[in-house]
>>> print(open('coords_23.csv').read())   # CSV, C-alpha atoms
chain,number,residue,atom,x,y,z
A,1,MET,CA,61.9,27.0,-16.5
A,2,LYS,CA,61.5,23.4,-15.4
A,3,ASN,CA,59.8,24.4,-12.1
A,4,PHE,CA,57.5,26.8,-14.1
A,5,SER,CA,56.5,23.8,-16.3
A,6,ILE,CA,55.7,21.7,-13.3
A,7,TRP,CA,53.4,24.4,-11.8
A,8,LYS,CA,51.6,24.7,-15.2
A,9,LYS,CA,50.9,21.0,-15.2
A,10,ILE,CA,49.6,21.2,-11.6
A,11,ALA,CA,47.3,24.1,-12.4
A,12,ALA,CA,46.0,22.3,-15.5
A,13,CYS,CA,45.3,19.2,-13.4
A,14,VAL,CA,43.4,21.2,-10.8
A,15,LEU,CA,41.3,22.9,-13.5
A,16,PHE,CA,40.5,19.5,-15.0
A,17,LEU,CA,39.4,18.1,-11.7
A,18,ASN,CA,37.2,21.1,-11.0
A,19,ILE,CA,35.5,20.7,-14.3
A,20,VAL,CA,34.8,17.0,-13.7
A,21,PHE,CA,33.4,17.5,-10.2
A,22,THR,CA,31.2,20.4,-11.3
A,23,ALA,CA,29.8,18.3,-14.1
A,24,PHE,CA,28.8,15.5,-11.8
A,25,THR,CA,27.2,17.5,-9.0
A,26,THR,CA,24.2,18.9,-10.9
A,27,GLU,CA,22.3,15.7,-10.9
A,28,LEU,CA,23.8,12.5,-9.5
A,29,LEU,CA,22.4,9.2,-8.3
A,30,THR,CA,25.1,7.0,-6.9
A,31,PRO,CA,25.3,4.2,-4.3
A,32,SER,CA,26.8,5.0,-0.9
A,33,VAL,CA,29.5,2.4,-0.2
A,34,SER,CA,29.4,2.7,3.6
A,35,ALA,CA,25.6,2.5,4.1
A,36,GLY,CA,24.4,0.8,1.0
A,37,GLU,CA,22.1,3.7,0.4
A,38,LEU,CA,21.4,5.8,-2.7
A,39,THR,CA,22.4,9.5,-2.5
A,40,ALA,CA,20.5,11.8,-4.9
A,41,ARG,CA,21.6,15.3,-5.5
A,42,SER,CA,19.5,17.5,-7.7
A,43,MET,CA,19.4,21.2,-8.6
A,44,GLY,CA,16.2,23.2,-8.6
A,45,PHE,CA,14.1,21.5,-5.9
A,46,GLY,CA,14.5,20.1,-2.4
A,47,PRO,CA,17.7,19.2,-0.5
A,48,ALA,CA,20.1,16.5,-1.4
A,49,LEU,CA,18.1,13.3,-0.7
A,50,ASN,CA,19.6,10.4,1.1
A,51,ILE,CA,17.4,7.6,-0.2
A,52,GLY,CA,17.2,4.1,1.1
A,53,PRO,CA,17.2,2.1,4.4
A,54,GLY,CA,18.4,4.1,7.3
A,55,SER,CA,18.4,7.4,5.4
A,56,LYS,CA,16.7,10.4,6.9
A,57,ILE,CA,15.4,13.2,4.6
A,58,PHE,CA,12.7,14.8,6.8
A,59,ASN,CA,14.8,16.2,9.7
A,60,GLY,CA,12.9,14.3,12.4
A,61,GLY,CA,9.6,14.1,10.5
A,62,SER,CA,8.3,11.2,8.5
A,63,LEU,CA,6.1,10.0,5.6
A,64,SER,CA,4.1,6.8,6.1
A,65,LEU,CA,2.3,5.0,3.3
A,66,LEU,CA,0.1,2.5,5.1
A,67,SER,CA,-0.6,-1.0,3.9
A,68,ASP,CA,-4.0,-2.3,3.0
A,69,TYR,CA,-6.1,-4.7,5.1
A,70,ASP,CA,-7.5,-7.0,2.5
A,71,ASN,CA,-5.2,-7.2,-0.4
A,72,ARG,CA,-6.9,-4.2,-2.0
A,73,GLN,CA,-5.7,-1.1,-3.7
A,74,MET,CA,-6.2,2.1,-1.6
A,75,LEU,CA,-4.5,5.3,-0.5
A,76,SER,CA,-3.6,6.1,3.1
A,77,MET,CA,-0.8,8.4,3.8
A,78,ILE,CA,0.5,10.3,6.9
A,79,LEU,CA,2.9,13.1,7.1
A,80,GLN,CA,4.5,14.1,10.5
A,81,ASP,CA,6.8,17.0,11.1
A,82,LYS,CA,9.6,16.9,13.8
A,83,ASN,CA,7.3,18.6,16.3
A,84,GLY,CA,4.5,16.0,15.9
A,85,THR,CA,2.1,17.8,13.6
A,86,LEU,CA,0.1,15.2,11.8
A,87,VAL,CA,-1.4,15.4,8.3
A,88,VAL,CA,-3.4,12.6,6.8
A,89,ILE,CA,-4.2,12.1,3.0
A,90,ASP,CA,-7.3,10.1,2.2
A,91,GLY,CA,-7.1,7.1,4.6
A,92,GLY,CA,-8.3,4.0,2.7
A,93,TRP,CA,-11.3,1.7,2.9
A,94,ASP,CA,-13.6,1.4,5.9
A,95,ILE,CA,-11.8,-1.8,6.7
A,96,ASP,CA,-8.5,0.1,6.9
A,97,ALA,CA,-9.8,2.4,9.6
A,98,ASP,CA,-8.6,0.2,12.5
A,99,HIS,CA,-5.0,0.1,11.3
A,100,LEU,CA,-5.0,3.8,10.5
A,101,THR,CA,-6.5,4.6,13.9
A,102,GLU,CA,-3.8,2.5,15.6
A,103,VAL,CA,-1.0,4.3,13.8
A,104,LEU,CA,-2.5,7.7,14.5
A,105,ARG,CA,-3.0,6.9,18.2
A,106,SER,CA,0.7,5.8,18.3
A,107,LYS,CA,1.5,9.3,17.1
A,108,GLY,CA,-0.7,11.1,19.6
A,109,GLY,CA,-4.1,10.8,17.8
A,110,HIS,CA,-4.3,14.6,17.0
A,111,VAL,CA,-4.6,15.3,13.3
A,112,SER,CA,-4.0,18.9,12.3
A,113,GLY,CA,-5.2,18.4,8.7
A,114,TRP,CA,-7.0,15.7,6.8
A,115,PHE,CA,-6.8,16.1,3.0
A,116,ILE,CA,-9.2,14.3,0.6
A,117,THR,CA,-8.3,13.8,-3.1
A,118,HIS,CA,-11.7,12.4,-4.2
A,119,PRO,CA,-14.7,10.6,-2.7
A,120,HIS,CA,-14.2,6.9,-3.5
A,121,SER,CA,-14.5,4.2,-1.0
A,122,ASP,CA,-10.8,3.2,-1.1
A,123,HIS,CA,-9.8,6.8,-0.3
A,124,VAL,CA,-12.4,8.1,2.2
A,125,GLY,CA,-14.1,5.0,3.7
A,126,ALA,CA,-11.8,5.0,6.7
A,127,LEU,CA,-12.4,8.7,7.4
A,128,VAL,CA,-16.2,8.1,7.3
A,129,LYS,CA,-15.8,5.2,9.8
A,130,ILE,CA,-13.5,7.2,12.1
A,131,LEU,CA,-15.8,10.2,12.2
A,132,GLY,CA,-18.7,7.9,13.0
A,133,ASN,CA,-16.9,6.2,15.9
A,134,PRO,CA,-17.1,8.3,19.1
A,135,ASP,CA,-14.5,5.9,20.7
A,136,SER,CA,-11.9,6.4,18.0
A,137,GLN,CA,-9.8,8.7,20.2
A,138,ILE,CA,-8.8,10.6,17.1
A,139,THR,CA,-9.3,14.4,17.0
A,140,ILE,CA,-9.3,16.3,13.7
A,141,ASP,CA,-8.7,20.0,13.5
A,142,ASN,CA,-9.3,20.6,9.8
A,143,VAL,CA,-10.6,18.6,6.8
A,144,TYR,CA,-9.7,19.9,3.3
A,145,TYR,CA,-11.6,18.8,0.2
A,146,SER,CA,-13.5,19.9,-2.9
A,147,LEU,CA,-16.8,18.1,-3.7
A,148,ALA,CA,-19.0,18.7,-6.7
A,149,ASP,CA,-22.8,19.1,-6.4
A,150,GLN,CA,-24.4,15.8,-5.3
A,151,SER,CA,-26.4,15.8,-8.6
A,152,TRP,CA,-23.1,15.4,-10.5
A,153,TYR,CA,-22.2,12.2,-8.6
A,154,GLU,CA,-25.7,10.8,-9.1
A,155,LYS,CA,-25.3,11.4,-12.9
A,156,VAL,CA,-21.8,10.1,-13.5
A,157,GLU,CA,-21.6,7.3,-10.9
A,158,PRO,CA,-25.0,6.7,-9.4
A,159,HIS,CA,-23.8,3.4,-7.8
A,160,ARG,CA,-21.4,5.5,-5.7
A,161,ALA,CA,-23.5,8.5,-5.0
A,162,ASP,CA,-24.6,7.1,-1.6
A,163,LEU,CA,-21.0,7.0,-0.5
A,164,VAL,CA,-20.6,10.8,-1.2
A,165,ASN,CA,-23.7,11.4,0.8
A,166,ASN,CA,-22.3,9.3,3.7
A,167,LEU,CA,-19.1,11.4,3.5
A,168,ARG,CA,-21.0,14.6,3.6
A,169,SER,CA,-23.0,13.4,6.7
A,170,ALA,CA,-19.8,12.3,8.4
A,171,LEU,CA,-18.1,15.6,7.8
A,172,ALA,CA,-21.2,17.4,9.2
A,173,THR,CA,-20.4,15.9,12.6
A,174,LEU,CA,-17.4,18.2,12.8
A,175,PRO,CA,-17.9,21.9,13.6
A,176,ALA,CA,-18.3,24.0,10.4
A,177,GLU,CA,-15.1,26.0,11.1
A,178,ARG,CA,-13.1,22.8,10.7
A,179,LEU,CA,-14.4,22.1,7.2
A,180,HIS,CA,-12.6,23.8,4.2
A,181,THR,CA,-13.4,23.7,0.5
A,182,VAL,CA,-10.0,24.1,-1.2
A,183,GLN,CA,-9.3,26.2,-4.2
A,184,LYS,CA,-6.6,26.0,-6.9
A,185,ASP,CA,-3.4,27.8,-5.8
A,186,GLN,CA,-4.3,27.8,-2.2
A,187,ASP,CA,-1.5,27.4,0.3
A,188,ILE,CA,-2.1,25.7,3.7
A,189,GLN,CA,0.5,25.7,6.5
A,190,LEU,CA,0.1,23.2,9.3
A,191,GLY,CA,3.1,23.2,11.6
A,192,GLN,CA,6.1,22.7,9.4
A,193,ILE,CA,4.1,21.0,6.7
A,194,LYS,CA,2.9,23.1,3.8
A,195,ALA,CA,0.3,22.0,1.2
A,196,ARG,CA,-0.4,23.7,-2.1
A,197,VAL,CA,-3.6,23.0,-4.0
A,198,LEU,CA,-2.8,22.4,-7.7
A,199,ASN,CA,-6.2,22.3,-9.3
A,200,ASN,CA,-9.9,22.5,-8.9
A,201,PRO,CA,-11.7,19.2,-9.6
A,202,TYR,CA,-12.0,18.4,-13.3
A,203,LEU,CA,-15.6,17.3,-13.9
A,204,LEU,CA,-15.2,15.1,-16.9
A,205,ASP,CA,-17.2,12.4,-18.6
A,206,ALA,CA,-14.4,9.8,-18.6
A,207,THR,CA,-13.7,7.9,-15.3
A,208,SER,CA,-15.4,10.9,-13.8
A,209,VAL,CA,-14.8,10.7,-10.0
A,210,ASN,CA,-11.2,9.5,-10.4
A,211,ASN,CA,-10.5,12.4,-12.8
A,212,SER,CA,-12.1,14.8,-10.2
A,213,SER,CA,-9.1,14.2,-7.9
A,214,VAL,CA,-7.5,17.2,-6.3
A,215,ALA,CA,-3.7,17.1,-6.6
A,216,TYR,CA,-1.8,18.5,-3.6
A,217,LYS,CA,1.9,19.3,-3.4
A,218,PHE,CA,3.2,18.9,0.1
A,219,PHE,CA,6.5,20.3,1.5
A,220,LEU,CA,8.2,18.8,4.5
A,221,ASN,CA,11.8,19.8,5.3
A,222,ASP,CA,11.9,21.4,1.8
A,223,VAL,CA,11.2,17.9,0.3
A,224,SER,CA,8.3,18.1,-2.1
A,225,ILE,CA,5.7,15.3,-2.2
A,226,LEU,CA,3.2,15.3,-5.1
A,227,VAL,CA,-0.1,13.5,-4.3
A,228,LEU,CA,-2.2,12.8,-7.5
A,229,GLY,CA,-5.0,10.7,-6.0
A,230,ASP,CA,-6.6,8.7,-8.8
A,231,MET,CA,-6.2,11.2,-11.7
A,232,GLY,CA,-6.4,9.5,-15.0
A,233,PRO,CA,-4.7,10.5,-18.3
A,234,GLU,CA,-7.4,13.0,-19.1
A,235,ALA,CA,-7.0,14.9,-15.8
A,236,GLY,CA,-3.3,14.5,-16.0
A,237,GLN,CA,-3.3,16.2,-19.4
A,238,LEU,CA,-5.3,19.1,-18.0
A,239,LEU,CA,-3.1,19.5,-14.9
A,240,ALA,CA,0.0,19.6,-17.1
A,241,ALA,CA,-1.6,22.2,-19.4
A,242,GLU,CA,-2.4,24.6,-16.6
A,243,ARG,CA,0.6,24.1,-14.3
A,244,SER,CA,4.2,25.0,-15.1
A,245,ALA,CA,7.0,22.3,-15.0
A,246,GLU,CA,8.3,23.9,-11.8
A,247,ASP,CA,4.9,23.6,-10.2
A,248,LEU,CA,4.8,19.8,-11.0
A,249,LYS,CA,8.4,18.9,-10.5
A,250,SER,CA,8.6,17.0,-7.2
A,251,ASP,CA,11.1,14.9,-5.2
A,252,ILE,CA,8.5,12.3,-4.3
A,253,VAL,CA,5.3,11.3,-6.3
A,254,GLN,CA,2.3,9.2,-5.3
A,255,MET,CA,1.6,7.0,-8.3
A,256,SER,CA,-1.7,8.0,-9.7
A,257,HIS,CA,-4.6,5.5,-9.6
A,258,HIS,CA,-2.5,3.0,-7.7
A,259,GLY,CA,0.1,2.8,-10.5
A,260,GLN,CA,-2.0,1.9,-13.5
A,261,TYR,CA,-4.1,3.9,-15.9
A,262,GLY,CA,-3.2,7.1,-14.1
A,263,VAL,CA,-1.5,10.2,-15.5
A,264,SER,CA,0.6,9.7,-18.6
A,265,GLN,CA,4.3,9.0,-19.0
A,266,GLU,CA,4.6,12.6,-20.2
A,267,VAL,CA,3.3,14.0,-16.9
A,268,TYR,CA,5.6,11.8,-14.9
A,269,THR,CA,8.5,13.1,-17.1
A,270,ILE,CA,7.6,16.6,-16.1
A,271,ILE,CA,7.3,15.6,-12.4
A,272,LYS,CA,10.8,14.0,-12.6
A,273,PRO,CA,10.6,12.3,-9.2
A,274,GLN,CA,13.4,10.6,-7.3
A,275,ILE,CA,11.1,8.4,-5.2
A,276,ALA,CA,7.8,6.8,-6.2
A,277,LEU,CA,5.0,5.7,-3.8
A,278,TRP,CA,2.9,2.8,-5.0
A,279,PRO,CA,-0.4,2.4,-3.1
A,280,CYS,CA,-1.1,-1.0,-4.7
A,281,PRO,CA,-1.1,-4.7,-3.5
A,282,LEU,CA,1.2,-7.4,-4.9
A,283,TRP,CA,-1.3,-8.6,-7.6
A,284,LEU,CA,-1.7,-5.2,-9.0
A,285,TRP,CA,2.1,-4.5,-8.8
A,286,ASN,CA,2.7,-7.6,-10.9
A,287,ASN,CA,-0.4,-7.2,-13.1
A,288,ASP,CA,-1.4,-10.7,-12.0
A,289,ASN,CA,-5.1,-11.7,-12.3
A,290,GLY,CA,-4.3,-15.2,-11.0
A,291,GLY,CA,-2.4,-16.5,-14.0
A,292,GLY,CA,1.0,-15.0,-13.0
A,293,THR,CA,2.9,-11.8,-13.7
A,294,GLY,CA,1.5,-10.0,-16.7
A,295,SER,CA,-1.7,-12.0,-16.9
A,296,GLY,CA,-4.0,-9.1,-16.1
A,297,ASP,CA,-5.2,-6.3,-18.2
A,298,TRP,CA,-4.0,-3.5,-15.9
A,299,LYS,CA,-1.1,-1.3,-17.0
A,300,THR,CA,1.1,-1.5,-13.9
A,301,LEU,CA,4.1,-3.1,-15.6
A,302,GLU,CA,4.0,-0.5,-18.3
A,303,THR,CA,4.0,2.3,-15.6
A,304,ARG,CA,6.9,0.6,-13.8
A,305,LYS,CA,8.9,0.7,-17.0
A,306,TRP,CA,8.2,4.4,-17.3
A,307,MET,CA,9.6,5.0,-13.9
A,308,GLU,CA,12.6,2.9,-14.6
A,309,ASP,CA,13.2,4.9,-17.8
A,310,LEU,CA,12.9,8.1,-15.8
A,311,GLY,CA,15.7,6.9,-13.5
A,312,VAL,CA,13.6,6.4,-10.4
A,313,LYS,CA,15.8,4.2,-8.2
A,314,VAL,CA,13.6,3.8,-5.1
A,315,ASN,CA,10.0,2.5,-5.1
A,316,TYR,CA,8.0,2.2,-1.9
A,317,CYS,CA,5.0,-0.2,-2.3
A,318,ILE,CA,2.3,-1.2,0.2
A,319,LYS,CA,2.7,-4.8,-1.1
A,320,ASP,CA,5.6,-4.9,1.4
A,321,GLY,CA,3.5,-3.6,4.3
A,322,ASP,CA,3.7,-0.1,5.9
A,323,GLN,CA,6.3,2.0,4.1
A,324,ILE,CA,7.9,4.7,6.3
A,325,ILE,CA,10.4,7.3,5.1
A,326,TYR,CA,12.2,9.4,7.8
>>> encode(input="coords_23.csv", output="structure tokens")
Amino acid sequence: MKNFSIWKKIAACVLFLNIVFTAFTTELLTPSVSAGELTARSMGFGPALNIGPGSKIFNGGSLSLLSDYDNRQMLSMILQDKNGTLVVIDGGWDIDADHLTEVLRSKGGHVSGWFITHPHSDHVGALVKILGNPDSQITIDNVYYSLADQSWYEKVEPHRADLVNNLRSALATLPAERLHTVQKDQDIQLGQIKARVLNNPYLLDATSVNNSSVAYKFFLNDVSILVLGDMGPEAGQLLAAERSAEDLKSDIVQMSHHGQYGVSQEVYTIIKPQIALWPCPLWLWNNDNGGGTGSGDWKTLETRKWMEDLGVKVNYCIKDGDQIIY
């Protein structure tokens, strides 16, 4: 009887440990003692993510969030799979073209797909400059975008309408078969990189061209990366209304409109990211108009608090230079 009692205690202990370990493997964010990294395990999307210095989540590929040239907000992102396939998102200002060109050349200079969120200078200026430079040594197989009629830009943002015309002219230097107008729910496969188009442009009266951003959900090594461009709260509300939570939930999110006055806290709650990408310089990160942290009227500090509340542990920001995740 005594031996039987001991075995009952052992069995009960094993059952208890099994319950404890099961409870803590559904969603866990804990520091790795050996590497000083964060290990994120989540159910429902992506693999277990090793997050932090030295960690590798893309199986030989990479995500690069490039830094700005002149202390300006902008978006320039490069995805590369383990076989070298290159995808560019936006690209930044015209003055960012040289750095983008340098990085692309270091990766072979052959871009399989260039994705445009919306036609603002801090997103497409570099692409216009590269396409206009016959010595760039950059080749582009495909460009993906969705533009409204030119008359719409002339109506809502006449001071920027010339830029859209310049973009159209630059794109026209490529053969027609390389130019692709994207549509909602379209899937695009480039090497081991997959892109899903989440919306057609929302043509709104409020912050019109920003809100016309096309959102793309990229997949690399089963890690999902949601690019929101410069969507504001109005476009974010529409996106959340027409997409399911599973459509939006992503491992990595690009912070909309450079981290301030982008999509709402409710939308980020649906996305539930583990990593946040901030395409903003130091002054915007700190909401600093020259009078110190918090002296500006931007909303970056508020957005940073949202991400903290959501449990995002790792933020990559161009204030720290080029940000590369392997």
>>> closest_residue(input="coords_23.csv", among="A:Phe58, A:Gly229, A:Thr139, A:Asn221", to="A:Gly91", atoms="only C-alpha atoms")
A:Gly229
>>> closest_residue(input="coords_23.csv", among="A:Glu242, A:Asp297, A:Glu177, A:Asp251", to="A:Phe218", atoms="all atoms listed in the file")
A:Asp251
>>> residues_near_point(input="coords_23.csv", point="(-3.1, 8.5, -16.1)", cutoff="8 Å", atoms="all atoms listed in the file", output="list in words")
Met231, Gly232, Pro233, Glu234, Ala235, Gly236, Ser256, His257, Gln260, Tyr261, Gly262, Val263, Ser264 and Gln265 of chain A
>>> atom_distance(input="coords_23.csv", atom1="atom CA of A:Leu65", atom2="atom CA of A:Asp322")
5.9 Å
>>> closest_residue(input="coords_23.csv", among="A:Asp98, A:Asp70, A:Asp141, A:Asp90", to="A:Lys319", atoms="all atoms listed in the file")
A:Asp70
>>> residues_around(input="coords_23.csv", residues="stretch 111-116 of chain A", least_positions_apart="5", cutoff="8 Å", atoms="only C-alpha atoms", output="PDB file with C-alpha atoms, in the coordinates of the input")
ATOM      1  CA  THR A  85       2.100  17.800  13.600  1.00  0.00           C
ATOM      2  CA  LEU A  86       0.100  15.200  11.800  1.00  0.00           C
ATOM      3  CA  VAL A  87      -1.400  15.400   8.300  1.00  0.00           C
ATOM      4  CA  VAL A  88      -3.400  12.600   6.800  1.00  0.00           C
ATOM      5  CA  ILE A  89      -4.200  12.100   3.000  1.00  0.00           C
ATOM      6  CA  ASP A  90      -7.300  10.100   2.200  1.00  0.00           C
ATOM      7  CA  LEU A 104      -2.500   7.700  14.500  1.00  0.00           C
ATOM      8  CA  HIS A 123      -9.800   6.800  -0.300  1.00  0.00           C
ATOM      9  CA  VAL A 124     -12.400   8.100   2.200  1.00  0.00           C
ATOM     10  CA  ILE A 138      -8.800  10.600  17.100  1.00  0.00           C
ATOM     11  CA  THR A 139      -9.300  14.400  17.000  1.00  0.00           C
ATOM     12  CA  ILE A 140      -9.300  16.300  13.700  1.00  0.00           C
ATOM     13  CA  ASP A 141      -8.700  20.000  13.500  1.00  0.00           C
ATOM     14  CA  ASN A 142      -9.300  20.600   9.800  1.00  0.00           C
ATOM     15  CA  VAL A 143     -10.600  18.600   6.800  1.00  0.00           C
ATOM     16  CA  TYR A 144      -9.700  19.900   3.300  1.00  0.00           C
ATOM     17  CA  TYR A 145     -11.600  18.800   0.200  1.00  0.00           C
ATOM     18  CA  SER A 146     -13.500  19.900  -2.900  1.00  0.00           C
ATOM     19  CA  LEU A 190       0.100  23.200   9.300  1.00  0.00           C
ATOM     20  CA  VAL A 214      -7.500  17.200  -6.300  1.00  0.00           C
TER      21      VAL A 214
END
>>> build_atoms(input="coords_23.csv", residues="stretch 81-90 of chain A", atoms="all heavy atoms", output="compact mmCIF listing (two decimals), keeping the file's coordinate frame")
# COMPACT_ATOMS: atom_id res chain seq x y z
N ASP A 81 5.64 16.18 11.03
CA ASP A 81 6.80 17.00 11.10
C ASP A 81 7.56 16.66 12.45
O ASP A 81 7.08 15.87 13.27
CB ASP A 81 6.55 18.48 10.97
CG ASP A 81 5.82 19.10 12.16
OD1 ASP A 81 5.76 18.50 13.25
OD2 ASP A 81 5.30 20.23 12.01
N LYS A 82 8.74 17.25 12.65
CA LYS A 82 9.60 16.90 13.80
C LYS A 82 8.95 17.29 15.13
O LYS A 82 9.35 16.78 16.17
CB LYS A 82 10.96 17.50 13.65
CG LYS A 82 11.00 19.02 13.70
CD LYS A 82 12.42 19.50 13.54
CE LYS A 82 12.52 21.02 13.59
NZ LYS A 82 13.92 21.49 13.42
N ASN A 83 7.96 18.19 15.08
CA ASN A 83 7.30 18.60 16.30
C ASN A 83 6.01 17.83 16.56
O ASN A 83 5.30 18.10 17.52
CB ASN A 83 6.98 20.11 16.24
CG ASN A 83 8.24 20.95 16.18
OD1 ASN A 83 9.23 20.66 16.84
ND2 ASN A 83 8.22 21.99 15.36
N GLY A 84 5.68 16.87 15.69
CA GLY A 84 4.50 16.00 15.90
C GLY A 84 3.27 16.39 15.17
O GLY A 84 2.26 15.70 15.29
N THR A 85 3.30 17.48 14.40
CA THR A 85 2.10 17.80 13.60
C THR A 85 1.79 16.73 12.63
O THR A 85 2.66 16.25 11.89
CB THR A 85 2.37 19.15 12.83
OG1 THR A 85 2.65 20.20 13.76
CG2 THR A 85 1.16 19.53 11.98
N LEU A 86 0.51 16.32 12.61
CA LEU A 86 0.10 15.20 11.80
C LEU A 86 -0.83 15.68 10.64
O LEU A 86 -1.77 16.45 10.86
CB LEU A 86 -0.68 14.16 12.59
CG LEU A 86 0.11 13.31 13.58
CD1 LEU A 86 -0.83 12.36 14.32
CD2 LEU A 86 1.20 12.53 12.87
N VAL A 87 -0.57 15.17 9.46
CA VAL A 87 -1.40 15.40 8.30
C VAL A 87 -1.74 14.04 7.68
O VAL A 87 -0.85 13.21 7.50
CB VAL A 87 -0.72 16.30 7.25
CG1 VAL A 87 -1.38 16.19 5.89
CG2 VAL A 87 -0.70 17.74 7.73
N VAL A 88 -3.01 13.81 7.38
CA VAL A 88 -3.40 12.60 6.80
C VAL A 88 -3.95 12.87 5.35
O VAL A 88 -4.64 13.87 5.13
CB VAL A 88 -4.56 11.88 7.57
CG1 VAL A 88 -5.05 10.61 6.87
CG2 VAL A 88 -4.08 11.55 8.98
N ILE A 89 -3.61 12.00 4.40
CA ILE A 89 -4.20 12.10 3.00
C ILE A 89 -5.03 10.88 2.80
O ILE A 89 -4.56 9.74 2.91
CB ILE A 89 -3.05 12.20 1.98
CG1 ILE A 89 -2.18 13.45 2.20
CG2 ILE A 89 -3.64 12.24 0.59
CD1 ILE A 89 -0.88 13.19 2.87
N ASP A 90 -6.29 11.11 2.52
CA ASP A 90 -7.30 10.10 2.20
C ASP A 90 -7.51 9.13 3.40
O ASP A 90 -8.24 9.46 4.31
CB ASP A 90 -7.00 9.39 0.91
CG ASP A 90 -7.31 10.27 -0.30
OD1 ASP A 90 -7.92 11.35 -0.10
OD2 ASP A 90 -6.94 9.91 -1.42
